[in-house]
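What follows is input-v9.txt (compact mmCIF, C-alpha atoms).
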# COMPACT_ATOMS: atom_id res chain seq x y z
CA MET A 1 0.00 0.00 0.00
CA LYS A 2 2.88 2.37 0.73
CA LYS A 3 4.03 2.11 -2.88
CA VAL A 4 0.60 3.22 -4.11
CA VAL A 5 0.47 6.14 -1.72
CA ASN A 6 3.94 7.36 -2.69
CA PHE A 7 3.13 7.16 -6.39
CA LEU A 8 -0.18 9.00 -6.10
CA VAL A 9 1.23 11.64 -3.77
CA ILE A 10 3.90 12.49 -6.33
CA ILE A 11 1.22 12.84 -9.02
CA ALA A 12 -1.05 14.88 -6.75
CA VAL A 13 1.74 17.32 -5.89
CA MET A 14 2.57 17.69 -9.54
CA LEU A 15 -1.06 18.35 -10.44
CA SER A 16 -1.58 20.96 -7.77
CA MET A 17 0.07 23.21 -10.32
CA ALA A 18 -0.70 23.68 -14.00
CA VAL A 19 0.48 20.86 -16.22
CA PRO A 20 2.75 22.18 -18.94
CA ALA A 21 2.04 21.40 -22.54
CA TYR A 22 4.69 22.65 -24.88
CA GLY A 23 6.04 20.03 -27.27
CA GLN A 24 9.48 18.48 -26.91
CA GLU A 25 11.70 21.59 -26.94
CA THR A 26 14.67 21.63 -24.58
CA VAL A 27 14.02 23.67 -21.45
CA THR A 28 16.30 24.09 -18.44
CA SER A 29 14.33 26.56 -16.30
CA PHE A 30 11.12 28.58 -16.13
CA SER A 31 10.69 32.32 -15.74
CA ASP A 32 7.78 31.83 -13.31
CA VAL A 33 9.29 29.04 -11.17
CA LYS A 34 11.89 30.28 -8.70
CA PRO A 35 14.03 28.70 -5.95
CA GLY A 36 12.24 28.99 -2.64
CA GLN A 37 8.77 28.23 -4.02
CA TRP A 38 7.42 25.04 -2.43
CA PHE A 39 7.01 23.27 -5.77
CA TYR A 40 10.35 24.32 -7.28
CA GLU A 41 12.21 21.04 -6.69
CA TYR A 42 9.31 18.92 -7.99
CA VAL A 43 9.01 20.97 -11.16
CA MET A 44 12.73 20.92 -11.87
CA THR A 45 13.01 17.17 -11.19
CA LEU A 46 10.26 16.42 -13.70
CA THR A 47 11.75 18.91 -16.15
CA GLY A 48 15.10 17.15 -15.93
CA LYS A 49 13.38 13.86 -16.78
CA GLY A 50 11.62 15.39 -19.78
CA VAL A 51 8.16 14.86 -18.27
CA ILE A 52 7.23 18.54 -18.36
CA THR A 53 8.39 21.09 -20.90
CA GLY A 54 6.43 24.29 -20.25
CA VAL A 55 3.62 26.11 -22.03
CA THR A 56 5.74 28.31 -24.31
CA LYS A 57 8.70 27.76 -26.56
CA PRO A 58 11.84 28.24 -24.44
CA VAL A 59 14.25 31.06 -25.24
CA ASN A 60 17.85 30.18 -24.38
CA GLY A 61 16.50 27.32 -22.30
CA VAL A 62 14.05 29.45 -20.32
CA GLY A 63 10.35 28.69 -20.71
CA LYS A 64 7.10 29.49 -18.93
CA TYR A 65 5.40 27.05 -16.56
CA ASP A 66 2.16 28.89 -15.71
CA PRO A 67 1.66 27.37 -12.22
CA GLN A 68 -1.84 28.82 -11.83
CA GLY A 69 -3.08 27.74 -15.26
CA THR A 70 -5.86 25.29 -16.15
CA VAL A 71 -5.02 21.67 -16.99
CA THR A 72 -6.37 20.40 -20.31
CA LEU A 73 -6.99 16.80 -21.37
CA GLY A 74 -4.06 16.98 -23.79
CA GLN A 75 -1.70 18.27 -21.12
CA PHE A 76 -2.77 15.61 -18.65
CA LEU A 77 -2.34 12.82 -21.19
CA ALA A 78 1.11 14.17 -22.05
CA ILE A 79 2.16 13.97 -18.41
CA ALA A 80 0.58 10.55 -17.93
CA THR A 81 2.16 8.94 -20.96
CA ARG A 82 5.59 10.48 -20.40
CA LEU A 83 5.55 9.10 -16.84
CA VAL A 84 4.37 5.52 -17.38
CA ALA A 85 3.87 4.87 -21.11
CA ALA A 86 6.78 6.59 -22.85
CA LYS A 87 7.49 3.58 -25.08
CA TYR A 88 4.05 3.96 -26.67
CA ILE A 89 4.58 7.58 -27.74
CA LYS A 90 5.16 7.63 -31.50
CA GLU A 91 5.46 10.45 -33.97
CA VAL A 92 2.28 11.32 -35.88
CA PRO A 93 2.72 12.85 -39.36
CA ASN A 94 0.94 16.20 -39.55
CA PRO A 95 -0.89 15.86 -36.22
CA ARG A 96 -4.06 17.87 -35.71
CA HIS A 97 -2.94 18.66 -32.16
CA TRP A 98 0.45 18.56 -30.44
CA ALA A 99 -0.85 15.97 -27.91
CA GLU A 100 -2.19 13.53 -30.51
CA PRO A 101 0.83 11.20 -30.04
CA ASN A 102 0.13 11.20 -26.31
CA TYR A 103 -3.55 10.43 -26.86
CA ASN A 104 -2.61 7.49 -29.10
CA ALA A 105 -0.08 6.28 -26.52
CA ALA A 106 -2.70 6.48 -23.76
CA VAL A 107 -5.10 4.33 -25.79
CA GLU A 108 -2.46 1.80 -26.84
CA SER A 109 -1.10 1.41 -23.31
CA GLY A 110 -4.55 1.08 -21.72
CA LEU A 111 -4.48 4.33 -19.76
CA ILE A 112 -7.75 5.23 -21.47
CA GLY A 113 -10.22 3.44 -23.70
CA LYS A 114 -10.64 4.55 -27.29
CA GLY A 115 -14.22 5.56 -26.57
CA ASP A 116 -13.45 7.42 -23.35
CA PHE A 117 -12.34 10.75 -24.83
CA GLY A 118 -12.22 12.33 -28.26
CA ASN A 119 -8.89 13.11 -29.94
CA SER A 120 -9.89 16.27 -31.81
CA PRO A 121 -8.21 19.58 -30.92
CA ALA A 122 -11.44 20.68 -29.25
CA TYR A 123 -11.40 17.67 -26.92
CA LEU A 124 -7.68 17.86 -26.18
CA ASN A 125 -7.89 21.58 -25.38
CA THR A 126 -10.80 21.12 -22.98
CA PRO A 127 -10.02 21.45 -19.24
CA ILE A 128 -10.01 18.00 -17.66
CA SER A 129 -12.33 17.27 -14.74
CA ARG A 130 -11.13 15.93 -11.40
CA GLU A 131 -13.26 12.84 -12.06
CA ASP A 132 -11.44 12.07 -15.31
CA MET A 133 -8.08 12.80 -13.66
CA ALA A 134 -8.85 10.22 -10.99
CA TYR A 135 -9.80 7.63 -13.61
CA ILE A 136 -6.55 8.12 -15.53
CA LEU A 137 -4.46 8.24 -12.33
CA VAL A 138 -5.79 4.85 -11.25
CA ASN A 139 -4.88 3.38 -14.63
CA MET A 140 -1.44 5.00 -14.38
CA ALA A 141 -0.91 3.28 -11.05
CA LYS A 142 -1.96 -0.07 -12.52
CA LEU A 143 0.36 0.34 -15.51
CA ASN A 144 3.11 1.22 -13.06
CA GLY A 145 2.61 -2.11 -11.29
CA GLU A 146 0.68 -0.76 -8.31
CA THR A 147 -2.05 -2.66 -6.50
CA LEU A 148 -5.11 -0.63 -5.62
CA ASP A 149 -6.88 -2.59 -2.93
CA LEU A 150 -7.96 0.63 -1.24
CA TYR A 151 -9.37 -0.78 1.98
CA SER A 152 -7.25 -3.80 2.92
CA GLY A 153 -5.59 -3.05 6.21
CA MET A 154 -8.59 -1.10 7.47
CA ALA A 155 -9.42 -2.35 10.96
CA TYR A 156 -12.73 -3.12 12.63
CA PRO A 157 -13.28 -1.66 16.10
CA ASN A 158 -12.12 -4.97 17.58
CA GLY A 159 -8.80 -4.72 15.76
CA GLU A 160 -9.47 -7.34 13.08
CA LEU A 161 -8.37 -6.37 9.55
CA LEU A 162 -10.76 -6.04 6.62
CA THR A 163 -10.37 -8.83 4.04
CA PRO A 164 -12.19 -9.65 0.76
CA GLY A 165 -15.74 -10.86 1.37
CA ASP A 166 -16.08 -9.11 4.72
CA ILE A 167 -19.16 -7.09 5.54
CA GLY A 168 -18.67 -3.39 6.17
CA SER A 169 -18.95 -2.21 9.76
CA VAL A 170 -18.57 1.12 11.54
CA TYR A 171 -15.10 2.65 11.18
CA HIS A 172 -14.39 5.44 13.63
CA GLY A 173 -18.00 6.57 13.41
CA ASP A 174 -18.22 6.25 9.60
CA MET A 175 -21.25 4.11 8.69
CA THR A 176 -20.94 4.58 4.90
CA TYR A 177 -20.37 0.90 4.17
CA LEU A 178 -22.28 -0.66 7.03
CA GLY A 179 -23.68 -4.04 5.92
CA GLN A 180 -22.05 -3.98 2.47
CA PRO A 181 -19.75 -6.77 1.21
CA TYR A 182 -16.19 -5.84 0.38
CA LEU A 183 -15.31 -7.12 -3.11
CA VAL A 184 -11.89 -7.38 -4.75
CA ASP A 185 -11.35 -7.73 -8.48
CA LYS A 186 -9.15 -10.81 -8.90
CA LYS A 187 -7.46 -9.56 -12.06
CA THR A 188 -6.39 -6.13 -10.84
CA GLY A 189 -6.46 -6.55 -7.07
CA GLU A 190 -8.57 -3.40 -6.75
CA GLY A 191 -11.05 -3.53 -3.89
CA HIS A 192 -14.22 -1.56 -3.07
CA PHE A 193 -17.41 -1.98 -1.13
CA ARG A 194 -20.47 -2.85 -3.22
CA SER A 195 -21.88 0.69 -3.47
CA ASP A 196 -18.57 1.95 -4.87
CA TRP A 197 -18.51 -0.83 -7.46
CA ILE A 198 -22.07 0.10 -8.46
CA ALA A 199 -21.02 3.74 -8.87
CA ILE A 200 -18.04 2.72 -11.03
CA SER A 201 -20.17 0.44 -13.21
CA SER A 202 -22.80 3.16 -13.66
CA TYR A 203 -20.14 5.65 -14.73
CA GLU A 204 -18.65 3.22 -17.24
CA ALA A 205 -22.15 2.38 -18.53
CA GLU A 206 -22.71 6.08 -19.27
CA LEU A 207 -19.45 6.14 -21.23
CA ALA A 208 -20.48 3.02 -23.13
CA ILE A 209 -23.80 4.52 -24.17
CA LYS A 210 -21.97 7.49 -25.70
CA THR A 211 -19.62 5.24 -27.70
CA ARG A 212 -20.56 4.97 -31.36
CA ASN A 213 -19.85 1.91 -33.52
CA PRO A 214 -18.00 -0.11 -30.85
CA LYS A 215 -15.78 -2.99 -31.88
CA ASP A 216 -15.54 -6.45 -30.34
CA GLY A 217 -13.38 -6.34 -27.22
CA GLN A 218 -13.45 -2.55 -26.93
CA ARG A 219 -13.41 -1.22 -23.37
CA VAL A 220 -14.74 1.87 -21.73
CA GLY A 221 -13.30 2.52 -18.33
CA TYR A 222 -11.64 -0.65 -17.12
CA TRP A 223 -14.34 -3.25 -16.55
CA THR A 224 -16.97 -2.60 -19.23
CA VAL A 225 -16.37 -4.50 -22.48
CA TYR A 226 -18.26 -4.74 -25.76
CA PHE A 227 -18.87 -8.32 -26.95
CA GLU A 228 -19.97 -8.42 -30.56
CA ASP A 229 -21.35 -11.97 -30.39
CA LEU A 230 -23.57 -10.98 -27.45
CA GLY A 231 -24.50 -7.68 -29.06
CA GLY A 232 -23.81 -5.35 -26.19
CA TRP A 233 -21.69 -3.92 -23.38
CA TYR A 234 -21.03 -6.08 -20.32
CA TRP A 235 -19.62 -5.34 -16.87
CA THR A 236 -16.70 -7.67 -16.10
CA GLY A 237 -15.88 -6.46 -12.61
CA PRO A 238 -17.07 -7.77 -9.24
CA ARG A 239 -20.81 -8.16 -8.74
Rewrite the coordinates I just gave you, this time as structure tokens.
Amino acid sequence: MKKVVNFLVIIAVMLSMAVPAYGQETVTSFSDVKPGQWFYEYVMTLTGKGVITGVTKPVNGVGKYDPQGTVTLGQFLAIATRLVAAKYIKEVPNPRHWAEPNYNAAVESGLIGKGDFGNSPAYLNTPISREDMAYILVNMAKLNGETLDLYSGMAYPNGELLTPGDIGSVYHGDMTYLGQPYLVDKKTGEGHFRSDWIAISSYEAELAIKTRNPKDGQRVGYWTVYFEDLGGWYWTGPR
């Protein structure tokens, strides 16, 4: 669990600022990121690794970071693929948008489904919601080899640890999952109480409905798959 927390904390810190978007130009510093600012070391570490490159073309190695800016879908996918799916990023001849290679890499690597988001400039320039960030972050963690059993290790009042199949109790006054079974997906190791799984399946179902001309085996989200021989979308996660 510690590995998951460390990974997601790093991402969260990075995303508390604007995510830069500018191409693959070489940048060594930013005019609006100075030593002494709390995020300076994080920004410069990721810059040194080529994960972030700024929002303007650098001049003599100096670019602009725009720490208070809005994060777009294209910017977020650029960060995500550079961090955990760099091998899938391939040049696109005459791309319609600078982040098109990152979008393609996200689909190919499984960070997103082909029907989850559009790849037009309008889509890629749209500010990304926190909900969609969370969805992509979870898939980043999975691609990075993390396990996301979110509740294992949670203790009952008597000190016993929560395990798959247990029934939710009262945790420090929180009755949210009282009486619900705790279910773990065997393939991914991700665990949730039943109401959370229902919420996830409903969200993926909404994405599926919006998907036009699906192909056999196509996914939306992570657990909803289109089976051509059955003629529809099916939930493959815990029930």
Which residues are close to segment 88-91 of chain A, i.e. within 7 Å by all atoms listed in the file, leaving aside same-chain residues fewer than 4 positions away? Reply as an NGL selection string.
:A and (101-102 or 105 or 108-109)
Any chance you could export the current selection's C-alpha atoms as a tab-separated table (two decimals), in the coordinates of the input?
chain	number	residue	atom	x	y	z
A	101	PRO	CA	0.83	11.20	-30.04
A	102	ASN	CA	0.13	11.20	-26.31
A	105	ALA	CA	-0.08	6.28	-26.52
A	108	GLU	CA	-2.46	1.80	-26.84
A	109	SER	CA	-1.10	1.41	-23.31
Anything within 8 Å of (1.7, 11.7, -20.4): list those residues as a tab-separated table (two decimals) with C-alpha atoms, in the frame of the given file, counting all atoms listed in the file and sticking to the file's coordinates.
chain	number	residue	atom	x	y	z
A	51	VAL	CA	8.16	14.86	-18.27
A	75	GLN	CA	-1.70	18.27	-21.12
A	76	PHE	CA	-2.77	15.61	-18.65
A	77	LEU	CA	-2.34	12.82	-21.19
A	78	ALA	CA	1.11	14.17	-22.05
A	79	ILE	CA	2.16	13.97	-18.41
A	80	ALA	CA	0.58	10.55	-17.93
A	81	THR	CA	2.16	8.94	-20.96
A	82	ARG	CA	5.59	10.48	-20.40
A	83	LEU	CA	5.55	9.10	-16.84
A	84	VAL	CA	4.37	5.52	-17.38
A	85	ALA	CA	3.87	4.87	-21.11
A	86	ALA	CA	6.78	6.59	-22.85
A	102	ASN	CA	0.13	11.20	-26.31
A	106	ALA	CA	-2.70	6.48	-23.76
Among the residues A:Tyr177, A:Phe117, A:Tyr65, A:Tyr135, the one that comes closest to Arg212 of chain A [using only C-alpha atoms]:
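Of A:Tyr177, A:Phe117, A:Tyr65, A:Tyr135, the one nearest Arg212 of chain A is A:Phe117, counting only C-alpha atoms.
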Which centre and which edge lengths, in Å to one decimal, describe the axis-aligned box that holds all listed atoms of segment 115-118 of chain A after 3 Å is added on each side, as lines of an AutoDock Vina configuration file?
center_x = -13.2
center_y = 8.9
center_z = -25.8
size_x = 8.0
size_y = 12.8
size_z = 10.9
Of the listed residues A:Gly189, A:Val107, A:Ser195, A:Pro121, that which approaches Ile136 of chain A most closely, counting only C-alpha atoms:
A:Val107
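If you look at atom CA of Glu228 of chain A and atom CA of Pro214 of chain A, they are 8.5 Å away from each other.
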Just the number, please: distance in Å from atom CA of Gly74 of chain A to atom CA of His97 of chain A, one decimal.
8.6 Å
Excluding same-chain residues fewer than 3 positions from Thr47 of chain A, what lies within 10 Å of it counting all atoms listed in the file, as an mmCIF file with C-alpha atoms, in the frame of the given file?
data_model
loop_
_atom_site.group_PDB
_atom_site.id
_atom_site.type_symbol
_atom_site.label_atom_id
_atom_site.label_comp_id
_atom_site.auth_asym_id
_atom_site.auth_seq_id
_atom_site.Cartn_x
_atom_site.Cartn_y
_atom_site.Cartn_z
ATOM 1 C CA PRO A 20 2.750 22.180 -18.940
ATOM 2 C CA THR A 26 14.670 21.630 -24.580
ATOM 3 C CA VAL A 27 14.020 23.670 -21.450
ATOM 4 C CA THR A 28 16.300 24.090 -18.440
ATOM 5 C CA SER A 29 14.330 26.560 -16.300
ATOM 6 C CA PHE A 30 11.120 28.580 -16.130
ATOM 7 C CA GLU A 41 12.210 21.040 -6.690
ATOM 8 C CA TYR A 42 9.310 18.920 -7.990
ATOM 9 C CA VAL A 43 9.010 20.970 -11.160
ATOM 10 C CA MET A 44 12.730 20.920 -11.870
ATOM 11 C CA GLY A 50 11.620 15.390 -19.780
ATOM 12 C CA VAL A 51 8.160 14.860 -18.270
ATOM 13 C CA ILE A 52 7.230 18.540 -18.360
ATOM 14 C CA THR A 53 8.390 21.090 -20.900
ATOM 15 C CA GLY A 54 6.430 24.290 -20.250
#
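Of the residues under consideration (A:Arg239, A:Leu207, A:Leu230, A:Met175), A:Arg239 shows the shortest atom-to-atom contact distance to Gly191 of chain A when counting only C-alpha atoms.
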Return the single residue from A:Lys187, A:Lys215, A:Gln180, A:Trp235 that is closest to Ser201 of chain A, with distances computed using all atoms listed in the file.
A:Trp235
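Among the candidate residues A:Ile200, A:Asp229, A:Ile167, A:His192, the one lying nearest to Glu131 of chain A is A:Ile200, with distances computed using all atoms listed in the file.
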Quick one: distance from atom CA of Ser202 of chain A to atom CA of Trp223 of chain A in Å, one decimal?
11.0 Å
